[in-house]
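S.K.: For reference, this is data.txt, and it has compact mmCIF, C-alpha atoms.
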```txt
# COMPACT_ATOMS: atom_id res chain seq x y z
CA MET A 1 -6.75 -133.44 19.49
CA ASP A 2 -4.90 -130.61 17.70
CA ARG A 3 -1.74 -132.67 17.25
CA ALA A 4 -3.65 -135.61 15.81
CA LEU A 5 -5.58 -133.40 13.43
CA ARG A 6 -2.49 -131.52 12.25
CA ALA A 7 -0.82 -134.83 11.49
CA ALA A 8 -3.93 -136.05 9.72
CA GLN A 9 -4.15 -132.85 7.70
CA GLY A 10 -0.61 -133.36 6.44
CA VAL A 11 -1.37 -136.92 5.38
CA PHE A 12 -4.70 -135.86 3.91
CA LEU A 13 -3.20 -133.14 1.71
CA ALA A 14 -0.37 -135.40 0.56
CA ALA A 15 -2.58 -138.39 -0.16
CA ASP A 16 -2.89 -139.42 -3.78
CA SER A 17 -6.01 -141.57 -3.37
CA LEU A 18 -9.45 -141.28 -1.80
CA ARG A 19 -8.72 -144.33 0.35
CA ALA A 20 -5.62 -142.67 1.81
CA ARG A 21 -7.60 -139.54 2.65
CA VAL A 22 -10.25 -141.55 4.49
CA ASP A 23 -7.46 -143.41 6.31
CA ALA A 24 -6.05 -140.05 7.46
CA ILE A 25 -9.44 -139.01 8.81
CA ARG A 26 -9.89 -142.37 10.53
CA ALA A 27 -6.47 -142.08 12.16
CA ALA A 28 -7.33 -138.61 13.50
CA ARG A 29 -10.66 -139.86 14.84
CA VAL A 30 -9.13 -142.84 16.61
CA GLU A 31 -6.23 -140.90 18.14
CA SER A 32 -8.41 -138.00 19.25
CA GLY A 33 -11.14 -140.09 20.85
CA PRO A 34 -14.76 -138.89 21.10
CA PRO A 35 -15.40 -135.11 21.27
CA THR A 36 -15.48 -133.70 24.80
CA ASP A 37 -16.69 -130.15 24.21
CA GLU A 38 -18.26 -127.89 21.59
CA SER A 39 -14.92 -127.04 20.03
CA SER A 40 -13.82 -130.64 19.54
CA ALA A 41 -17.32 -131.57 18.33
CA GLY A 42 -16.95 -128.92 15.64
CA VAL A 43 -13.80 -130.65 14.41
CA PHE A 44 -15.65 -133.94 14.03
CA ILE A 45 -18.46 -132.17 12.20
CA ARG A 46 -15.87 -130.83 9.74
CA LEU A 47 -14.43 -134.32 9.35
CA SER A 48 -17.94 -135.52 8.58
CA ASP A 49 -18.27 -132.92 5.84
CA LEU A 50 -14.92 -133.96 4.35
CA LEU A 51 -16.00 -137.60 4.30
CA CYS A 52 -19.12 -136.63 2.36
CA GLU A 53 -16.98 -134.76 -0.17
CA ILE A 54 -14.67 -137.76 -0.59
CA GLY A 55 -17.47 -140.32 -0.97
CA GLY A 56 -17.08 -144.05 -1.46
CA ASP A 57 -17.47 -147.13 0.71
CA ASP A 58 -14.76 -146.23 3.23
CA ALA A 59 -16.09 -142.72 3.74
CA ALA A 60 -19.61 -144.07 4.25
CA ARG A 61 -18.33 -146.50 6.88
CA GLU A 62 -16.60 -143.68 8.74
CA LEU A 63 -19.79 -141.61 8.68
CA VAL A 64 -21.68 -144.53 10.21
CA VAL A 65 -19.07 -144.63 12.98
CA LEU A 66 -19.67 -140.93 13.65
CA LEU A 67 -23.39 -141.66 13.68
CA GLY A 68 -22.75 -143.60 16.88
CA TYR A 69 -21.06 -140.76 18.78
CA ASP A 70 -22.71 -139.38 21.92
CA ASP A 71 -22.49 -135.76 20.81
CA PRO A 72 -25.82 -134.88 19.11
CA GLY A 73 -24.21 -132.33 16.80
CA VAL A 74 -21.79 -134.91 15.46
CA ARG A 75 -24.62 -137.40 14.95
CA VAL A 76 -26.75 -134.85 13.11
CA ALA A 77 -23.86 -133.90 10.82
CA ALA A 78 -23.09 -137.55 10.09
CA ALA A 79 -26.75 -138.29 9.35
CA GLU A 80 -27.11 -135.27 7.05
CA ASN A 81 -23.95 -136.21 5.18
CA LEU A 82 -25.06 -139.83 4.82
CA VAL A 83 -28.34 -138.58 3.35
CA GLU A 84 -26.52 -136.24 0.96
CA MET A 85 -24.14 -138.99 -0.09
CA GLY A 86 -26.98 -141.49 -0.32
CA PHE A 87 -28.90 -139.43 -2.86
CA GLU A 88 -25.94 -139.80 -5.22
CA ARG A 89 -24.41 -143.12 -4.11
CA TYR A 90 -27.12 -145.03 -2.29
CA VAL A 91 -25.55 -148.47 -2.67
CA GLU A 92 -22.38 -147.44 -0.83
CA VAL A 93 -24.30 -145.82 2.02
CA ALA A 94 -26.71 -148.73 2.30
CA ARG A 95 -23.82 -151.20 2.39
CA ALA A 96 -22.14 -149.30 5.25
CA MET A 97 -25.38 -149.25 7.23
CA GLU A 98 -26.05 -152.93 6.55
CA GLU A 99 -22.61 -153.78 7.93
CA CYS A 100 -23.47 -151.86 11.11
CA VAL A 101 -26.78 -153.73 11.36
CA GLU A 102 -24.97 -157.02 10.87
CA ARG A 103 -22.62 -156.25 13.76
CA GLY A 104 -25.58 -155.17 15.87
CA THR A 105 -23.48 -153.68 18.66
CA ASP A 106 -23.58 -149.89 18.22
CA THR A 107 -27.07 -149.14 19.49
CA THR A 108 -26.63 -145.38 19.11
CA ALA A 109 -25.83 -145.64 15.41
CA LEU A 110 -28.51 -148.29 14.93
CA SER A 111 -31.08 -145.92 16.46
CA GLU A 112 -30.12 -143.26 13.89
CA ILE A 113 -29.88 -145.44 10.79
CA PRO A 114 -33.67 -145.83 10.32
CA PHE A 115 -34.13 -142.06 10.19
CA VAL A 116 -31.43 -141.76 7.53
CA LEU A 117 -33.16 -144.49 5.52
CA ALA A 118 -36.53 -142.79 5.90
CA GLU A 119 -35.05 -139.54 4.64
CA LEU A 120 -33.54 -141.29 1.62
CA GLY A 121 -36.85 -143.03 0.89
CA GLU A 122 -35.35 -145.90 -1.08
CA PRO A 123 -37.27 -149.22 -1.14
CA GLY A 124 -34.17 -151.06 0.04
CA GLY A 125 -34.35 -149.14 3.31
CA VAL A 126 -37.50 -151.07 4.21
CA LYS A 127 -35.61 -154.36 4.37
CA ILE A 128 -32.91 -152.90 6.61
CA CYS A 129 -35.51 -151.46 9.00
CA VAL A 130 -37.39 -154.76 9.15
CA ARG A 131 -34.15 -156.45 10.23
CA LEU A 132 -33.84 -153.91 13.05
CA LEU A 133 -37.26 -154.89 14.39
CA LYS A 134 -35.55 -157.98 15.82
CA HIS A 135 -32.90 -156.05 17.72
CA ARG A 136 -32.71 -156.48 21.50
CA ASP A 137 -32.65 -152.72 22.18
CA GLY A 138 -36.07 -151.09 22.40
CA ASP A 139 -34.90 -147.70 21.14
CA VAL A 140 -33.45 -149.31 18.02
CA VAL A 141 -36.72 -151.14 17.40
CA GLY A 142 -38.74 -147.98 18.03
CA ALA A 143 -36.66 -146.02 15.51
CA ALA A 144 -37.18 -148.78 12.94
CA VAL A 145 -40.94 -148.74 13.54
CA GLU A 146 -41.13 -144.97 13.05
CA ALA A 147 -39.06 -145.16 9.87
CA LEU A 148 -41.22 -147.95 8.44
CA ALA A 149 -44.31 -145.83 9.03
CA GLU A 150 -42.66 -142.94 7.19
CA LEU A 151 -41.48 -145.16 4.33
CA GLY A 152 -45.12 -146.18 3.89
CA ASP A 153 -44.81 -149.73 2.59
CA PRO A 154 -47.92 -151.65 3.76
CA SER A 155 -46.19 -154.98 3.13
CA VAL A 156 -44.33 -154.64 6.46
CA THR A 157 -47.57 -154.87 8.46
CA SER A 158 -47.08 -158.57 9.15
CA ALA A 159 -43.63 -157.85 10.62
CA LEU A 160 -45.05 -155.15 12.92
CA VAL A 161 -48.13 -156.93 14.27
CA PRO A 162 -46.19 -159.25 16.63
CA LEU A 163 -44.75 -156.15 18.34
CA ARG A 164 -48.13 -154.64 19.28
CA ALA A 165 -47.79 -155.99 22.82
CA ASP A 166 -44.14 -154.93 23.23
CA THR A 167 -43.95 -153.03 26.52
CA ARG A 168 -40.36 -151.84 26.26
CA THR A 169 -40.26 -148.17 27.19
CA LEU A 170 -38.41 -145.81 24.89
CA ALA A 171 -36.09 -142.96 25.80
CA ALA A 172 -38.01 -139.72 26.25
CA ASP A 173 -38.01 -137.28 23.34
CA ASP A 174 -37.21 -133.93 24.94
CA ASP A 175 -38.07 -132.15 21.67
CA ASP A 176 -41.65 -133.47 21.60
CA PRO A 177 -43.96 -131.22 23.69
CA ASN A 178 -46.86 -133.63 23.12
CA GLN A 179 -45.14 -136.55 24.84
CA ALA A 180 -46.95 -136.58 28.18
CA GLY A 181 -45.62 -139.87 29.49
CA PRO A 182 -43.64 -143.00 28.70
CA VAL A 183 -43.98 -144.38 25.17
CA THR A 184 -43.58 -148.08 24.45
CA VAL A 185 -42.60 -149.94 21.31
CA GLY A 186 -46.18 -151.20 21.18
CA ASP A 187 -47.53 -147.63 21.17
CA LEU A 188 -45.39 -146.78 18.16
CA VAL A 189 -46.44 -149.97 16.40
CA GLU A 190 -50.13 -149.10 16.81
CA GLU A 191 -49.51 -145.67 15.30
CA ALA A 192 -47.45 -147.15 12.48
CA LEU A 193 -50.15 -149.70 11.64
CA GLU A 194 -52.72 -146.93 11.36
CA ILE A 195 -50.48 -144.94 9.04
CA LEU A 196 -49.69 -147.98 6.89
CA ALA A 197 -53.39 -148.87 6.70
CA GLU A 198 -54.02 -145.43 5.22
CA HIS A 199 -51.25 -146.01 2.68
CA GLY A 200 -52.77 -149.36 1.75
CA ALA A 201 -56.19 -147.83 1.24
CA ARG A 202 -54.92 -145.32 -1.31
```
Have the structure of the file written as structure tokens, please.
M.R.:
Amino acid sequence: MDRALRAAQGVFLAADSLRARVDAIRAARVESGPPTDESSAGVFIRLSDLLCEIGGDDAARELVVLLGYDDPGVRVAAAENLVEMGFERYVEVARAMEECVERGTDTTALSEIPFVLAELGEPGGVKICVRLLKHRDGDVVGAAVEALAELGDPSVTSALVPLRADTRTLAADDDDPNQAGPVTVGDLVEEALEILAEHGAR
């Protein structure tokens, strides 16, 4: 880890373009592998911050990669930096997330993307979340449902209704003291439809 990051730092400081700096960060990430402890996670969090400072399509793509890491601290940092970048350069962030959705393979990142979109609150985020409703992974679909409820666009009701009977059970939310038992996609859809009905009545 240290050797890879020292080498990357040298390239980063010598780089004369934003693309080269992102390439240096990517090289360090690939060579180091996923974080294994709090110390190495802190390095990836710092890399996430640097990517936000650099900005641009390539930096946004790297942040989406970090969004798929197992370490929750790294995921939170990547999400926060995507939101910060998205407020200034939404198109680049949205494009990076759309590419991840198109690939459809990184379920961890795909489960986080809806919450980033909900935080940004852009209308374009609705379309991306609707696409995720068709994903095979229940946790990805559940995240999309929750984000659509927060985005508050009643026009998505027709896309949600077919999922009312979806019995896929979602991963438990350890931070929610009110979660007494298993929650299904259908449960979230019912809640979302109620919220969206309130939005439509306003």
S.K.: Using all atoms listed in the file, which protein or nucleic acid residues come within 6 Å of range 106-122 of chain A? Drop anything in the same chain fewer than 2 positions from it, and give the result as a PyMOL selection string.
M.R.: chain A and resi 67-68+124-125+140+143-144+147+151
S.K.: Keeping only C-alpha atoms, write the selected residues as a PDB file, keeping the file's coordinate frame.
M.R.:
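File produced: part24.pdb:
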```pdb
ATOM      1  CA  LEU A  67     -23.390-141.660  13.680  1.00  0.00           C
ATOM      2  CA  GLY A  68     -22.750-143.600  16.880  1.00  0.00           C
ATOM      3  CA  GLY A 124     -34.170-151.060   0.040  1.00  0.00           C
ATOM      4  CA  GLY A 125     -34.350-149.140   3.310  1.00  0.00           C
ATOM      5  CA  VAL A 140     -33.450-149.310  18.020  1.00  0.00           C
ATOM      6  CA  ALA A 143     -36.660-146.020  15.510  1.00  0.00           C
ATOM      7  CA  ALA A 144     -37.180-148.780  12.940  1.00  0.00           C
ATOM      8  CA  ALA A 147     -39.060-145.160   9.870  1.00  0.00           C
ATOM      9  CA  LEU A 151     -41.480-145.160   4.330  1.00  0.00           C
TER      10      LEU A 151
END
```
S.K.: Give me, as a PyMOL selection string, all polymer residues having an atom no more than 10 Å from Pro182 in chain A, counting only C-alpha atoms and skipping those fewer than 2 positions away in the same chain.
M.R.: chain A and resi 168-173+179-180+184+187
S.K.: Closest to Arg61 in chain A among A:Leu193, A:Cys100, A:Val43, A:Asp153, using only C-alpha atoms?
M.R.: A:Cys100
S.K.: Using all atoms listed in the file, which residues sit within 10 Å of Val76 in chain A once same-chain residues fewer than 3 positions away are excluded, as a ChimeraX atom specification?
M.R.: /A:45,48,66-67,69,71-73,79-82,112
S.K.: Could you write those residues out with C-alpha atoms, as a CSV table (one decimal), in the coordinates of the input?
M.R.:
```csv
chain,number,residue,atom,x,y,z
A,45,ILE,CA,-18.5,-132.2,12.2
A,48,SER,CA,-17.9,-135.5,8.6
A,66,LEU,CA,-19.7,-140.9,13.6
A,67,LEU,CA,-23.4,-141.7,13.7
A,69,TYR,CA,-21.1,-140.8,18.8
A,71,ASP,CA,-22.5,-135.8,20.8
A,72,PRO,CA,-25.8,-134.9,19.1
A,73,GLY,CA,-24.2,-132.3,16.8
A,79,ALA,CA,-26.8,-138.3,9.4
A,80,GLU,CA,-27.1,-135.3,7.0
A,81,ASN,CA,-24.0,-136.2,5.2
A,82,LEU,CA,-25.1,-139.8,4.8
A,112,GLU,CA,-30.1,-143.3,13.9
```
S.K.: Residues of range 33-151 of chain A that have any atom at most 8 Å from an atom of range 17-24 of chain A: could you tabulate them with the shortest-distance atom pair and the distance in Å to one decimal, using all atoms listed in the file, ordered by chain and increasing number, as CSV?
M.R.:
```
residue,atom,partner,partner_atom,distance
A:Leu51,CA,A:Val22,CA,7.0
A:Ile54,CA,A:Leu18,CA,6.4
A:Asp58,CA,A:Val22,CA,6.6
A:Ala59,CA,A:Val22,CA,6.0
A:Glu62,CA,A:Val22,CA,7.9
```
S.K.: Any chance you can output those residues with C-alpha atoms as a JSON list (two decimals), in the coordinates of the input?
M.R.:
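Just written: out-v9.json:
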```
[["chain", "number", "residue", "atom", "x", "y", "z"],
["A", 51, "LEU", "CA", -16.00, -137.60, 4.30],
["A", 54, "ILE", "CA", -14.67, -137.76, -0.59],
["A", 58, "ASP", "CA", -14.76, -146.23, 3.23],
["A", 59, "ALA", "CA", -16.09, -142.72, 3.74],
["A", 62, "GLU", "CA", -16.60, -143.68, 8.74]]
```
S.K.: To one decimal place, how far is CA of Ala197 in chain A from CA of Ala165 in chain A in Å?
M.R.: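 Separation between CA of Ala197 in chain A and CA of Ala165 in chain A: 18.5 Å.
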